[in-house]
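Working notes, structure below.
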Amino acid sequence: MSARLSAATERESGPLAAWGRFAARHWGRVLVGWVALVVLLGVLGVTARGRFADDFRLPGAESQAALDLLQHQFPQQAGDPATVVLSAESGFEDPAVRVQVDELLDGLRALPEVVAVASPFEPGGGAVSRDGTIAYATVQYGRRGIEVADSSVSALFELVDGASAPGLQVEVGGPVVQSGEILPPGRSEAIGLAAGAVILLVAFGSAVAMGLPMVTALFGLGTGIVLILLLARTLGMSTFTPAFAAMIGIGVGIDYALLVVTRYREELARGLPVVEAVAVAVDTAGRAVIFAGAAVAIALLALFVVGIEFVAAIGVAGATVVFSAVLVATTLLPALLGMVGPRIDRWRIPVFHANGDSHTTSVWHRFSGFVQRNAILSAVVATGALLLLAAPALDMRLGSSDAGNNPESLHSRRAYDLLSEGFGPGFNGPFIVAVELPSAASEPALGHLRDALAATDGVVFVSPPQLSPEGGAAVISVVPAGSPQDESTAELLTRLRNDVIPSATAGTDIRAYVGGITAAFDDIGAQIAERLPLFFAIVIGLSFILLMAVFRSIAVPIKAAVMNLLSIGAAYGVLVAIFQWGWLSDFIGTGGSGPIESFLPMMLFAVLFGLSMDYEVFLLSRIRENYVHGMGNSGAITAGVTQTARVISAAAAIMVAVFLSFALSEGRIIKEFGIGLGTAILLDATVVRLILVPAVMELLGDVNWWFPRWLDRILPKVQIEGSHESAAAATTDS
């Protein structure tokens with residue numbers, strides 16, 4: 001009896017339990033508050049003018065030095081261009097075609113924010129292919145692409161769309177059009193939500209229980225997206241940020257709500273009244289949700305150590321939607337549970353409703369027992385499978401996709417293909433050599449530099465130097481033989497910077513910097529590779545300390561880190577096989593083989609390490625609880641796996657379905673994220689949680705829970721499940 005009184009006191013004193021009790025009793029007030037918040041966010045969302053554009057600034061890099069010099073010395077070219085590409089079957093000597101093109105050029109000059117248009121037919125322009133069927137016009141804007149108004153970009157698209165005619169194809173590409181070609185969200189998000197609804201229906205067997213996580217996930221996603229729109233006014237967020245945020249928001253939103261609703265149903269089944277069941281659910285599952293969300297957010301915010309604005313901005317966007325999901329799961333959902341009350345299992349679907357089989361006869365119990373009886377074999381087979389999947393990652397080449405990987409439905413992809421056909425693949429990503437000229441006497445050295453560049457293997461074209469109006473700088477365009485994604489192009493950049501240019505400028509006072517978008521991506525990749533060890537150390541180190549504080553163990557955090565690395569490595573291997581080697585590329589629609597996005601591995605690492613902490617804590621807390629309350633190591637493992645397998649499987653299935661649904665997106669980067677995240681979560685919830693964890697813990701025995709006394713004294717105790725677990729245990733023991 002005293003234990004029960006103690007438990008009641010703990011419940012009263014817990015702030016999360018108190019909040020859960022308040023939300024359940026006064027659910028009307030909480031819902032009104034949320035409605036007011038949604039209205040406010042809706043107004044802010046309508047007025048938010050955040051822009052999403054691919055701005056790859058990198059202070060301190062050579063490509064950035066080249067850009068800064070050009071913007072200072074060539075103010076008339078401080079803006080970004082759009083490239084209008086023309087293809088005429090009869091050639092541009094055809095008078096009828098020339099009339100059409102001239103009308104198009106006049107229309108381009110009249111567009112808002114356009115400061116100059118270079119005709120493809122200007123003498124010495126070199127803007128017509130050798131066979132005379134492909135040409136391009138350069139449309140110069142007065143501002144950078146990310147600053148050009150949406151209406152101005154739309155006007156450009158309308159003009160280009162209206163200019164195409166029989167015998168004349170007109171496309172447009174370049175930095176200005178990127179923000180206007182953000183792939184519209186909708187299909188992947190809808191498929192992910194539908195898949196989540198089906199899995200919840202199977203897991204709960206009730207339409208009401210299925211509906212609550214769906215409602216809260218949508219609220220959380222909407223809240224997060226509006227906050228991201230507001231943040232985009234000050235942070236440079238990439239064009240794929242909304243889709244990435246939607247992917248993470250839907251996945252964790254449904255996942256977190258699933259844990260809370262599951263615990264609420266369990267407490268109702270044990271006989272607790274609605275208010276107390278909500279209080280227990282918030283103080284246990286809600287606490288676990290807060291911990292899991294904090295782990296994901298911390299890992300994402302650790303991306304700031306990379307020192308690249310757009311990478312950090314992606315991390316902020318991800319952390320924002322995770323914060324929104326946690327907020328909704330711990331504030332709105334308890335009120336909805338209070339409103340629904342005992343009707344949570346209404347509208348049951350008999351074929352899906354749980355049949356109540358005991359743990360001892362369940363499939364999970366038998367499976368865990370088999371794994372533990374064959375622990376060595378299970379561990380070897382599971383580890384071997386993960387290592388086999390991870391093997392392609394040894395060949396990973398970091399770089400960047402470009403318009404050549406875009407869907408063929410977009411203007412930028414068709415423009416890219418036409419330019420490659422007419423002028424060679426390197427034309428889509430030339431190196432821009434910015435040369436600083438301290439004096440007029442430096443100009444002869446400029447000619448020597450151009451000759452050296454033209455004589456370099458792998459260079460197919462070098463433009464004549466163009467002097468700035470004041471004569472303090474010059475710009476030279478260098479077209480490589482390979483496409484921007486080719487490894488040969490990266491090798492050429494290294495030779496130009498390390499050998500060709502230093503040799504050509506030795507003994508002179510000129511200084512040359514190699515820039516351009518291709519060089520910028522190479523610099524970004526180099527900085528990411530340099531900061532990657534620090535980033536990994538921060539994420540793994542923080543996770544190790546947190547798990548030590550929670551489970552009072554040395555072996556458990558080490559095991560968790562190694563197993564997380566195995567599942568993430570396997571996901572990397574799958575990405576390399578599909579996107580770099582081209583396996584299944586036609587089926588998946590990857591836009592062709594190419595390097596893995598330079599920022600993708602660390603982004604996946606951040607998200608996956610945080611998400612896997614959720615499953616790790618959920619499983620190990622049950623195993624440790626069983627062990628502490630008298631079960632032997634083997635029995636505690638079997639019971640823990642059996643107790644959590646259903647929920648972990650449902651949660652992981654939702655995550656996998658949501659993430660893989662984004663493989664249907666037309667954007668290559670989002671496909672990479674979706675397939676990488678989906679693969680890793682699938683492996684983590686099956687091979688790792690159901691095979692490796694029980695097998696390795698069986699082999700380690702009591703070593704799992706060894707913890708030095710001196711470390712136990714100095715390390716703070718972190719309680720994930722709340723007071724109810726210990727209270728329930730005390731009641732049972734009494």
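How things are named: the first chain in the structure tokens is A, the next is B, and so on; residues count from 1 in each chain; ligands count from 1 in the order shown.
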
Inset, instruction - Could you give me the residues within region 61-258 of chain A that DSSP places in strand (DSSP E), as a ChimeraX atom specification? - result: /A:81-88,114-118,134-141,168-173

Report the closest atom pair, with its distance in Å rounded to one decimal, for each residue of region 287-381 of chain A that has an atom no farther than 7 Å from region 270-276 of chain A; count only C-alpha atoms, sort by chain and then rising residue number, and write it as a tab-separated table.
residue	atom	partner	partner_atom	distance
A:Gly338	CA	A:Val274	CA	6.7
A:Gly341	CA	A:Val274	CA	5.7
A:Pro342	CA	A:Val274	CA	6.7

Please produce a file of those selected residues containing N, CA and C atoms, as a PDB file, in the first residue's frame.
ATOM      1  N   GLY A 338      -7.576  13.160 -24.004  1.00  0.00           N
ATOM      2  CA  GLY A 338      -8.591  13.481 -23.004  1.00  0.00           C
ATOM      3  C   GLY A 338      -9.960  13.648 -23.625  1.00  0.00           C
ATOM      4  N   GLY A 341     -10.994  10.030 -24.781  1.00  0.00           N
ATOM      5  CA  GLY A 341     -11.233   9.223 -23.589  1.00  0.00           C
ATOM      6  C   GLY A 341     -11.178   7.737 -23.862  1.00  0.00           C
ATOM      7  N   PRO A 342     -12.112   6.975 -23.302  1.00  0.00           N
ATOM      8  CA  PRO A 342     -12.092   5.517 -23.482  1.00  0.00           C
ATOM      9  C   PRO A 342     -12.522   5.078 -24.879  1.00  0.00           C
TER      10      PRO A 342
END

Tell me which protein, DNA and RNA residues are within 6 Å of region 437-450 of chain A, counting only C-alpha atoms, leaving out same-chain ones fewer than 6 positions away, and put them as a compact mmCIF listing (two decimals) with N, CA and C atoms, in the first residue's frame.
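And here's selection_2.txt as it stands now:
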# COMPACT_ATOMS: atom_id res chain seq x y z
N GLY A 472 41.65 46.69 -63.19
CA GLY A 472 42.27 46.08 -62.03
C GLY A 472 42.10 44.58 -61.95
N ALA A 473 41.33 44.01 -62.89
CA ALA A 473 41.11 42.56 -62.86
C ALA A 473 40.72 42.10 -64.25
N ALA A 504 52.51 29.41 -64.16
CA ALA A 504 52.31 30.47 -65.15
C ALA A 504 52.43 31.86 -64.54
N ILE A 510 50.71 39.16 -60.63
CA ILE A 510 49.28 38.86 -60.75
C ILE A 510 48.92 37.69 -59.84

Inset, instruction - Might you pull out every residue within 9 Å of Leu333 (chain A), with only C-alpha atoms counted and same-chain residues fewer than 4 positions away left off, and present them as a ChimeraX atom specification? - result: /A:23,212-213,215-216,257,260-261,328-329,337-338

Next, write the just-selected residues to a file, as a PDB file, in the first residue's frame, keeping C-alpha atoms as the atom set.
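Result saved to out_23.pdb:
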ATOM      1  CA  ALA A  23      -4.450  18.665 -20.706  1.00  0.00           C
ATOM      2  CA  LEU A 212      -4.949  10.747 -33.712  1.00  0.00           C
ATOM      3  CA  PRO A 213      -1.288  10.298 -34.802  1.00  0.00           C
ATOM      4  CA  VAL A 215      -3.887  14.561 -37.081  1.00  0.00           C
ATOM      5  CA  THR A 216      -1.004  15.448 -34.788  1.00  0.00           C
ATOM      6  CA  ALA A 257       2.471  10.108 -31.536  1.00  0.00           C
ATOM      7  CA  VAL A 260       2.278   8.133 -26.714  1.00  0.00           C
ATOM      8  CA  VAL A 261      -0.969   6.579 -27.977  1.00  0.00           C
ATOM      9  CA  VAL A 328       2.488  18.557 -30.683  1.00  0.00           C
ATOM     10  CA  ALA A 329       2.995  15.049 -29.255  1.00  0.00           C
ATOM     11  CA  LEU A 337      -6.624  11.789 -25.790  1.00  0.00           C
ATOM     12  CA  GLY A 338      -8.591  13.481 -23.004  1.00  0.00           C
TER      13      GLY A 338
END

Inset, instruction - Kindly give the distance, in Å, that separates CA of Asp80 (chain A) and CA of Leu398 (chain A), rounded to a single decimal. - result: 26.1 Å

Legend entry - Every residue of region 340-556 of chain A that DSSP places in helix (DSSP H, G or I), as an MDAnalysis selection string: chainID A and resid 340:345 359:361 363:373 375:395 403:405 411:423 425:428 440:454 487:505 517:551 555:556

Legend entry - Between CA of Pro59 (chain A) and CA of Met602 (chain A) - distance in Å to one decimal: 20.2 Å
